[in-house]
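Just below is one structure, and these are the notes that go with it.
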Amino acid sequence: MKSFIKSMLLMALTLLSFSCSSDDDTITPTLNTSEYFKYSINNGPDRIFDAYARGRYEPNPNSTFEKFYFRAGAATADGPTVIVDADFTFQDFTSFTNTTNFNWGVSDGLTANFYFTELTPGHTFLSSWTVMPSNPIVCTITVHPVNVGDYIEFSFQGDFLLATENSVQGSIVGEGRVLRE
């Protein structure tokens, strides 16, 4: 519950900081191929977050779950940073590093959760806190971040619901390569 409240507070503060920016959220890619998170909505153009993509493992000895969370950032044409926050939730790190496929948006109440939010006006997506369509986002991890300094590499595709308007849904395809700090 404590981490949920922290996540909500962070998201609220970040959304407030972006509400004062202009409407131009056109991302300017840096062409960084070492660290990135990118996706496309409904076969549209790629949104590429490649200024940085960093993640960390969050052990939680007082709980029944742990997390690997990451943040990826990009610059926009008018200067402000656009970020994507996401996390994987699992019972223990060994099970996470031995799991290849995650069904994001389908939860057993503990594992198989995925939280994905792009924090800009007009681009807020949230998968694990909404009721997902019957075909959720399927993520395939090809490289696990077993040690600090390793990368997690993954691809994903499926259906999503817009967090700010649950009646809006569409398809999403993407991939990521995130450095574990």
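Simple scheme: letters A, B, ... for chains in structure tokens order, numbers from 1 for residues in each chain, numbers from 1 for ligands in the order shown.
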Open item on the list: Applying 10 Å and only C-alpha atoms, which residues near Ile48 of chain A remain after dropping the ones on its own chain fewer than 2 positions away? List them as a list in words.
Closed with: Ile27, Thr28, Pro29, Thr30, Leu31, Asn32, Tyr36, Phe37, Lys38, Tyr39, Ser40, Pro45, Asp46, Asp50, Ala51, Ala72, Gly73, Ala74, Ala75, Gly174, Glu175 and Gly176 of chain A
Hey, what does DSSP flag as strand (DSSP E) within segment 53-92 of chain A? Can you give it to me as a CSV table (one decimal) with all heavy atoms, in the first residue's frame?
chain,number,residue,atom,x,y,z
A,53,ALA,N,17.1,5.4,-20.3
A,53,ALA,CA,16.2,4.4,-19.9
A,53,ALA,C,16.9,3.6,-18.8
A,53,ALA,O,17.8,2.8,-19.1
A,53,ALA,CB,15.8,3.5,-21.0
A,54,ARG,N,16.5,3.9,-17.6
A,54,ARG,CA,17.2,3.3,-16.4
A,54,ARG,C,16.2,2.6,-15.5
A,54,ARG,O,15.1,3.1,-15.3
A,54,ARG,CB,17.9,4.4,-15.6
A,54,ARG,CG,18.9,5.2,-16.4
A,54,ARG,CD,20.1,4.5,-16.7
A,54,ARG,NE,21.0,5.1,-17.7
A,54,ARG,CZ,21.8,6.1,-17.4
A,54,ARG,NH1,22.0,6.5,-16.2
A,54,ARG,NH2,22.6,6.6,-18.4
A,55,GLY,N,16.6,1.5,-14.9
A,55,GLY,CA,15.7,0.7,-14.1
A,55,GLY,C,16.4,0.2,-12.8
A,55,GLY,O,17.6,0.3,-12.7
A,56,ARG,N,15.6,-0.2,-11.9
A,56,ARG,CA,16.1,-0.7,-10.6
A,56,ARG,C,15.2,-1.8,-10.1
A,56,ARG,O,14.0,-1.8,-10.3
A,56,ARG,CB,16.4,0.2,-9.5
A,56,ARG,CG,15.9,1.6,-9.6
A,56,ARG,CD,16.3,2.4,-8.3
A,56,ARG,NE,17.6,2.1,-7.8
A,56,ARG,CZ,18.5,3.0,-7.5
A,56,ARG,NH1,18.2,4.2,-7.7
A,56,ARG,NH2,19.7,2.7,-7.0
A,57,TYR,N,15.9,-2.7,-9.4
A,57,TYR,CA,15.2,-3.8,-8.7
A,57,TYR,C,14.8,-3.3,-7.3
A,57,TYR,O,15.7,-2.7,-6.6
A,57,TYR,CB,16.1,-5.0,-8.6
A,57,TYR,CG,15.7,-6.0,-7.6
A,57,TYR,CD1,14.4,-6.6,-7.6
A,57,TYR,CD2,16.6,-6.5,-6.7
A,57,TYR,CE1,14.0,-7.5,-6.7
A,57,TYR,CE2,16.2,-7.4,-5.7
A,57,TYR,CZ,14.9,-8.0,-5.7
A,57,TYR,OH,14.6,-8.9,-4.8
A,58,GLU,N,13.6,-3.4,-6.9
A,58,GLU,CA,13.1,-2.9,-5.6
A,58,GLU,C,12.7,-4.1,-4.7
A,58,GLU,O,11.6,-4.5,-4.8
A,58,GLU,CB,11.9,-2.0,-5.8
A,58,GLU,CG,11.4,-1.3,-4.5
A,58,GLU,CD,12.3,-0.3,-4.0
A,58,GLU,OE1,13.0,0.4,-4.7
A,58,GLU,OE2,12.3,-0.1,-2.7
A,66,GLU,N,7.6,-7.9,-5.1
A,66,GLU,CA,8.8,-7.0,-5.3
A,66,GLU,C,8.6,-6.4,-6.7
A,66,GLU,O,7.7,-6.8,-7.4
A,66,GLU,CB,10.1,-7.9,-5.3
A,66,GLU,CG,10.3,-8.5,-4.0
A,66,GLU,CD,11.6,-9.4,-3.9
A,66,GLU,OE1,12.1,-9.7,-5.0
A,66,GLU,OE2,11.9,-9.8,-2.8
A,67,LYS,N,9.5,-5.5,-7.1
A,67,LYS,CA,9.3,-4.8,-8.3
A,67,LYS,C,10.6,-4.6,-9.0
A,67,LYS,O,11.6,-4.4,-8.4
A,67,LYS,CB,8.7,-3.4,-8.1
A,67,LYS,CG,7.2,-3.4,-7.7
A,67,LYS,CD,6.7,-2.0,-7.7
A,67,LYS,CE,5.2,-2.1,-7.3
A,67,LYS,NZ,4.5,-0.9,-7.5
A,68,PHE,N,10.5,-4.5,-10.4
A,68,PHE,CA,11.6,-4.0,-11.2
A,68,PHE,C,10.9,-2.8,-11.9
A,68,PHE,O,10.0,-3.0,-12.6
A,68,PHE,CB,12.1,-5.0,-12.2
A,68,PHE,CG,13.3,-4.4,-13.0
A,68,PHE,CD1,14.6,-4.4,-12.5
A,68,PHE,CD2,13.0,-3.8,-14.2
A,68,PHE,CE1,15.6,-3.9,-13.3
A,68,PHE,CE2,14.0,-3.2,-15.0
A,68,PHE,CZ,15.3,-3.3,-14.5
A,69,TYR,N,11.4,-1.6,-11.6
A,69,TYR,CA,10.7,-0.4,-12.2
A,69,TYR,C,11.7,0.3,-13.1
A,69,TYR,O,12.9,0.2,-12.9
A,69,TYR,CB,10.0,0.5,-11.2
A,69,TYR,CG,11.0,1.1,-10.3
A,69,TYR,CD1,11.5,2.4,-10.5
A,69,TYR,CD2,11.3,0.5,-9.0
A,69,TYR,CE1,12.4,3.0,-9.7
A,69,TYR,CE2,12.2,1.1,-8.2
A,69,TYR,CZ,12.7,2.4,-8.5
A,69,TYR,OH,13.6,3.0,-7.6
A,70,PHE,N,11.2,1.1,-14.1
A,70,PHE,CA,12.1,1.9,-14.9
A,70,PHE,C,11.5,3.2,-15.3
A,70,PHE,O,10.2,3.3,-15.3
A,70,PHE,CB,12.6,1.1,-16.1
A,70,PHE,CG,11.6,0.7,-17.1
A,70,PHE,CD1,11.3,1.5,-18.2
A,70,PHE,CD2,11.0,-0.5,-17.0
A,70,PHE,CE1,10.4,1.2,-19.1
A,70,PHE,CE2,10.0,-0.9,-18.0
A,70,PHE,CZ,9.7,-0.1,-19.1
A,71,ARG,N,12.3,4.1,-15.7
A,71,ARG,CA,11.9,5.4,-16.3
A,71,ARG,C,12.7,5.6,-17.5
A,71,ARG,O,13.9,5.4,-17.5
A,71,ARG,CB,12.1,6.5,-15.2
A,71,ARG,CG,11.8,7.9,-15.8
A,71,ARG,CD,11.9,8.9,-14.7
A,71,ARG,NE,10.5,8.9,-14.1
A,71,ARG,CZ,10.1,9.7,-13.2
A,71,ARG,NH1,10.9,10.6,-12.7
A,71,ARG,NH2,8.9,9.6,-12.7
A,72,ALA,N,12.0,6.0,-18.6
A,72,ALA,CA,12.7,6.4,-19.8
A,72,ALA,C,12.3,7.8,-20.1
A,72,ALA,O,11.2,8.2,-19.9
A,72,ALA,CB,12.3,5.5,-20.9
A,73,GLY,N,13.2,8.6,-20.7
A,73,GLY,CA,12.9,10.0,-21.0
A,73,GLY,C,13.3,10.4,-22.4
A,73,GLY,O,14.1,9.8,-23.0
A,74,ALA,N,12.6,11.5,-22.8
A,74,ALA,CA,12.9,12.0,-24.1
A,74,ALA,C,12.7,13.5,-24.1
A,74,ALA,O,12.0,14.0,-23.2
A,74,ALA,CB,11.9,11.4,-25.2
A,75,ALA,N,13.3,14.2,-25.0
A,75,ALA,CA,13.2,15.7,-25.0
A,75,ALA,C,12.1,16.0,-26.1
A,75,ALA,O,11.9,15.2,-27.0
A,75,ALA,CB,14.5,16.3,-25.4
A,76,THR,N,11.4,17.1,-25.9
A,76,THR,CA,10.4,17.5,-26.9
A,76,THR,C,10.9,18.7,-27.7
A,76,THR,O,11.9,19.3,-27.3
A,76,THR,CB,9.1,17.9,-26.2
A,76,THR,OG1,9.3,19.0,-25.4
A,76,THR,CG2,8.5,16.7,-25.5
A,81,THR,N,11.0,17.7,-20.8
A,81,THR,CA,11.3,16.3,-20.8
A,81,THR,C,9.9,15.6,-20.7
A,81,THR,O,9.1,15.9,-19.9
A,81,THR,CB,12.2,15.8,-19.7
A,81,THR,OG1,13.4,16.5,-19.8
A,81,THR,CG2,12.4,14.3,-19.7
A,82,VAL,N,9.8,14.5,-21.6
A,82,VAL,CA,8.6,13.6,-21.5
A,82,VAL,C,9.2,12.3,-20.9
A,82,VAL,O,10.2,11.9,-21.3
A,82,VAL,CB,8.0,13.4,-22.9
A,82,VAL,CG1,6.8,12.5,-22.8
A,82,VAL,CG2,7.6,14.7,-23.5
A,83,ILE,N,8.4,11.7,-20.0
A,83,ILE,CA,8.9,10.5,-19.4
A,83,ILE,C,7.9,9.4,-19.5
A,83,ILE,O,6.7,9.6,-19.6
A,83,ILE,CB,9.4,10.7,-17.9
A,83,ILE,CG1,8.2,11.2,-17.1
A,83,ILE,CG2,10.6,11.6,-17.8
A,83,ILE,CD1,8.5,11.2,-15.6
A,84,VAL,N,8.4,8.1,-19.4
A,84,VAL,CA,7.6,7.0,-19.3
A,84,VAL,C,8.0,6.3,-18.0
A,84,VAL,O,9.2,6.0,-17.8
A,84,VAL,CB,7.7,6.0,-20.5
A,84,VAL,CG1,7.1,4.7,-20.2
A,84,VAL,CG2,7.1,6.6,-21.8
A,85,ASP,N,7.1,5.9,-17.2
A,85,ASP,CA,7.3,5.1,-16.0
A,85,ASP,C,6.6,3.8,-16.2
A,85,ASP,O,5.5,3.7,-16.7
A,85,ASP,CB,6.7,5.8,-14.7
A,85,ASP,CG,7.6,6.9,-14.2
A,85,ASP,OD1,8.8,6.9,-14.5
A,85,ASP,OD2,7.1,7.8,-13.5
A,86,ALA,N,7.3,2.7,-15.7
A,86,ALA,CA,6.7,1.4,-15.8
A,86,ALA,C,7.3,0.5,-14.7
A,86,ALA,O,8.4,0.8,-14.2
A,86,ALA,CB,7.0,0.8,-17.2
A,87,ASP,N,6.6,-0.6,-14.4
A,87,ASP,CA,7.2,-1.5,-13.5
A,87,ASP,C,6.6,-2.9,-13.7
A,87,ASP,O,5.5,-3.1,-14.3
A,87,ASP,CB,7.1,-1.1,-12.0
A,87,ASP,CG,5.7,-1.1,-11.5
A,87,ASP,OD1,4.9,-2.0,-11.7
A,87,ASP,OD2,5.4,-0.1,-10.8
A,88,PHE,N,7.4,-3.9,-13.4
A,88,PHE,CA,7.0,-5.3,-13.4
A,88,PHE,C,6.9,-5.7,-11.9
A,88,PHE,O,7.7,-5.3,-11.1
A,88,PHE,CB,8.1,-6.2,-13.9
A,88,PHE,CG,8.4,-6.0,-15.4
A,88,PHE,CD1,9.3,-5.1,-15.8
A,88,PHE,CD2,7.7,-6.8,-16.3
A,88,PHE,CE1,9.6,-5.0,-17.2
A,88,PHE,CE2,8.0,-6.7,-17.7
A,88,PHE,CZ,9.0,-5.8,-18.1
A,89,THR,N,5.8,-6.4,-11.5
A,89,THR,CA,5.6,-6.8,-10.1
A,89,THR,C,5.7,-8.3,-10.1
A,89,THR,O,5.1,-9.0,-11.0
A,89,THR,CB,4.2,-6.3,-9.6
A,89,THR,OG1,4.2,-4.9,-9.8
A,89,THR,CG2,4.1,-6.7,-8.2
A,90,PHE,N,6.4,-8.9,-9.1
A,90,PHE,CA,6.6,-10.3,-9.0
A,90,PHE,C,6.8,-10.7,-7.6
A,90,PHE,O,7.0,-9.9,-6.7
A,90,PHE,CB,7.7,-10.8,-9.9
A,90,PHE,CG,8.9,-9.8,-9.8
A,90,PHE,CD1,9.9,-10.0,-8.8
A,90,PHE,CD2,9.1,-8.7,-10.7
A,90,PHE,CE1,11.0,-9.1,-8.7
A,90,PHE,CE2,10.1,-7.9,-10.5
A,90,PHE,CZ,11.1,-8.1,-9.5
Open item on the list: Using Å and a single decimal, report how far atom CA of Phe65 of chain A sits from atom CA of Asp92 of chain A.
Closed with: 6.7 Å
Task: Atom-to-atom span, atom CA of Val138 of chain A and atom CA of Gly158 of chain A, Å - done: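 Taking atom CA of Val138 of chain A as the start and atom CA of Gly158 of chain A as the end point, the length is 6.0 Å.
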Please provide the set of residues having any atom within 10 Å of Asn98 of chain A, restricted to only C-alpha atoms, with same-chain residues fewer than 6 positions apart removed, written as an mmCIF file with C-alpha atoms, in the first residue's frame.
data_model
loop_
_atom_site.group_PDB
_atom_site.id
_atom_site.type_symbol
_atom_site.label_atom_id
_atom_site.label_comp_id
_atom_site.auth_asym_id
_atom_site.auth_seq_id
_atom_site.Cartn_x
_atom_site.Cartn_y
_atom_site.Cartn_z
ATOM 1 C CA ILE A 141 11.657 -10.521 -22.203
ATOM 2 C CA HIS A 144 17.004 -10.255 -18.002
ATOM 3 C CA VAL A 146 20.305 -10.279 -13.348
#
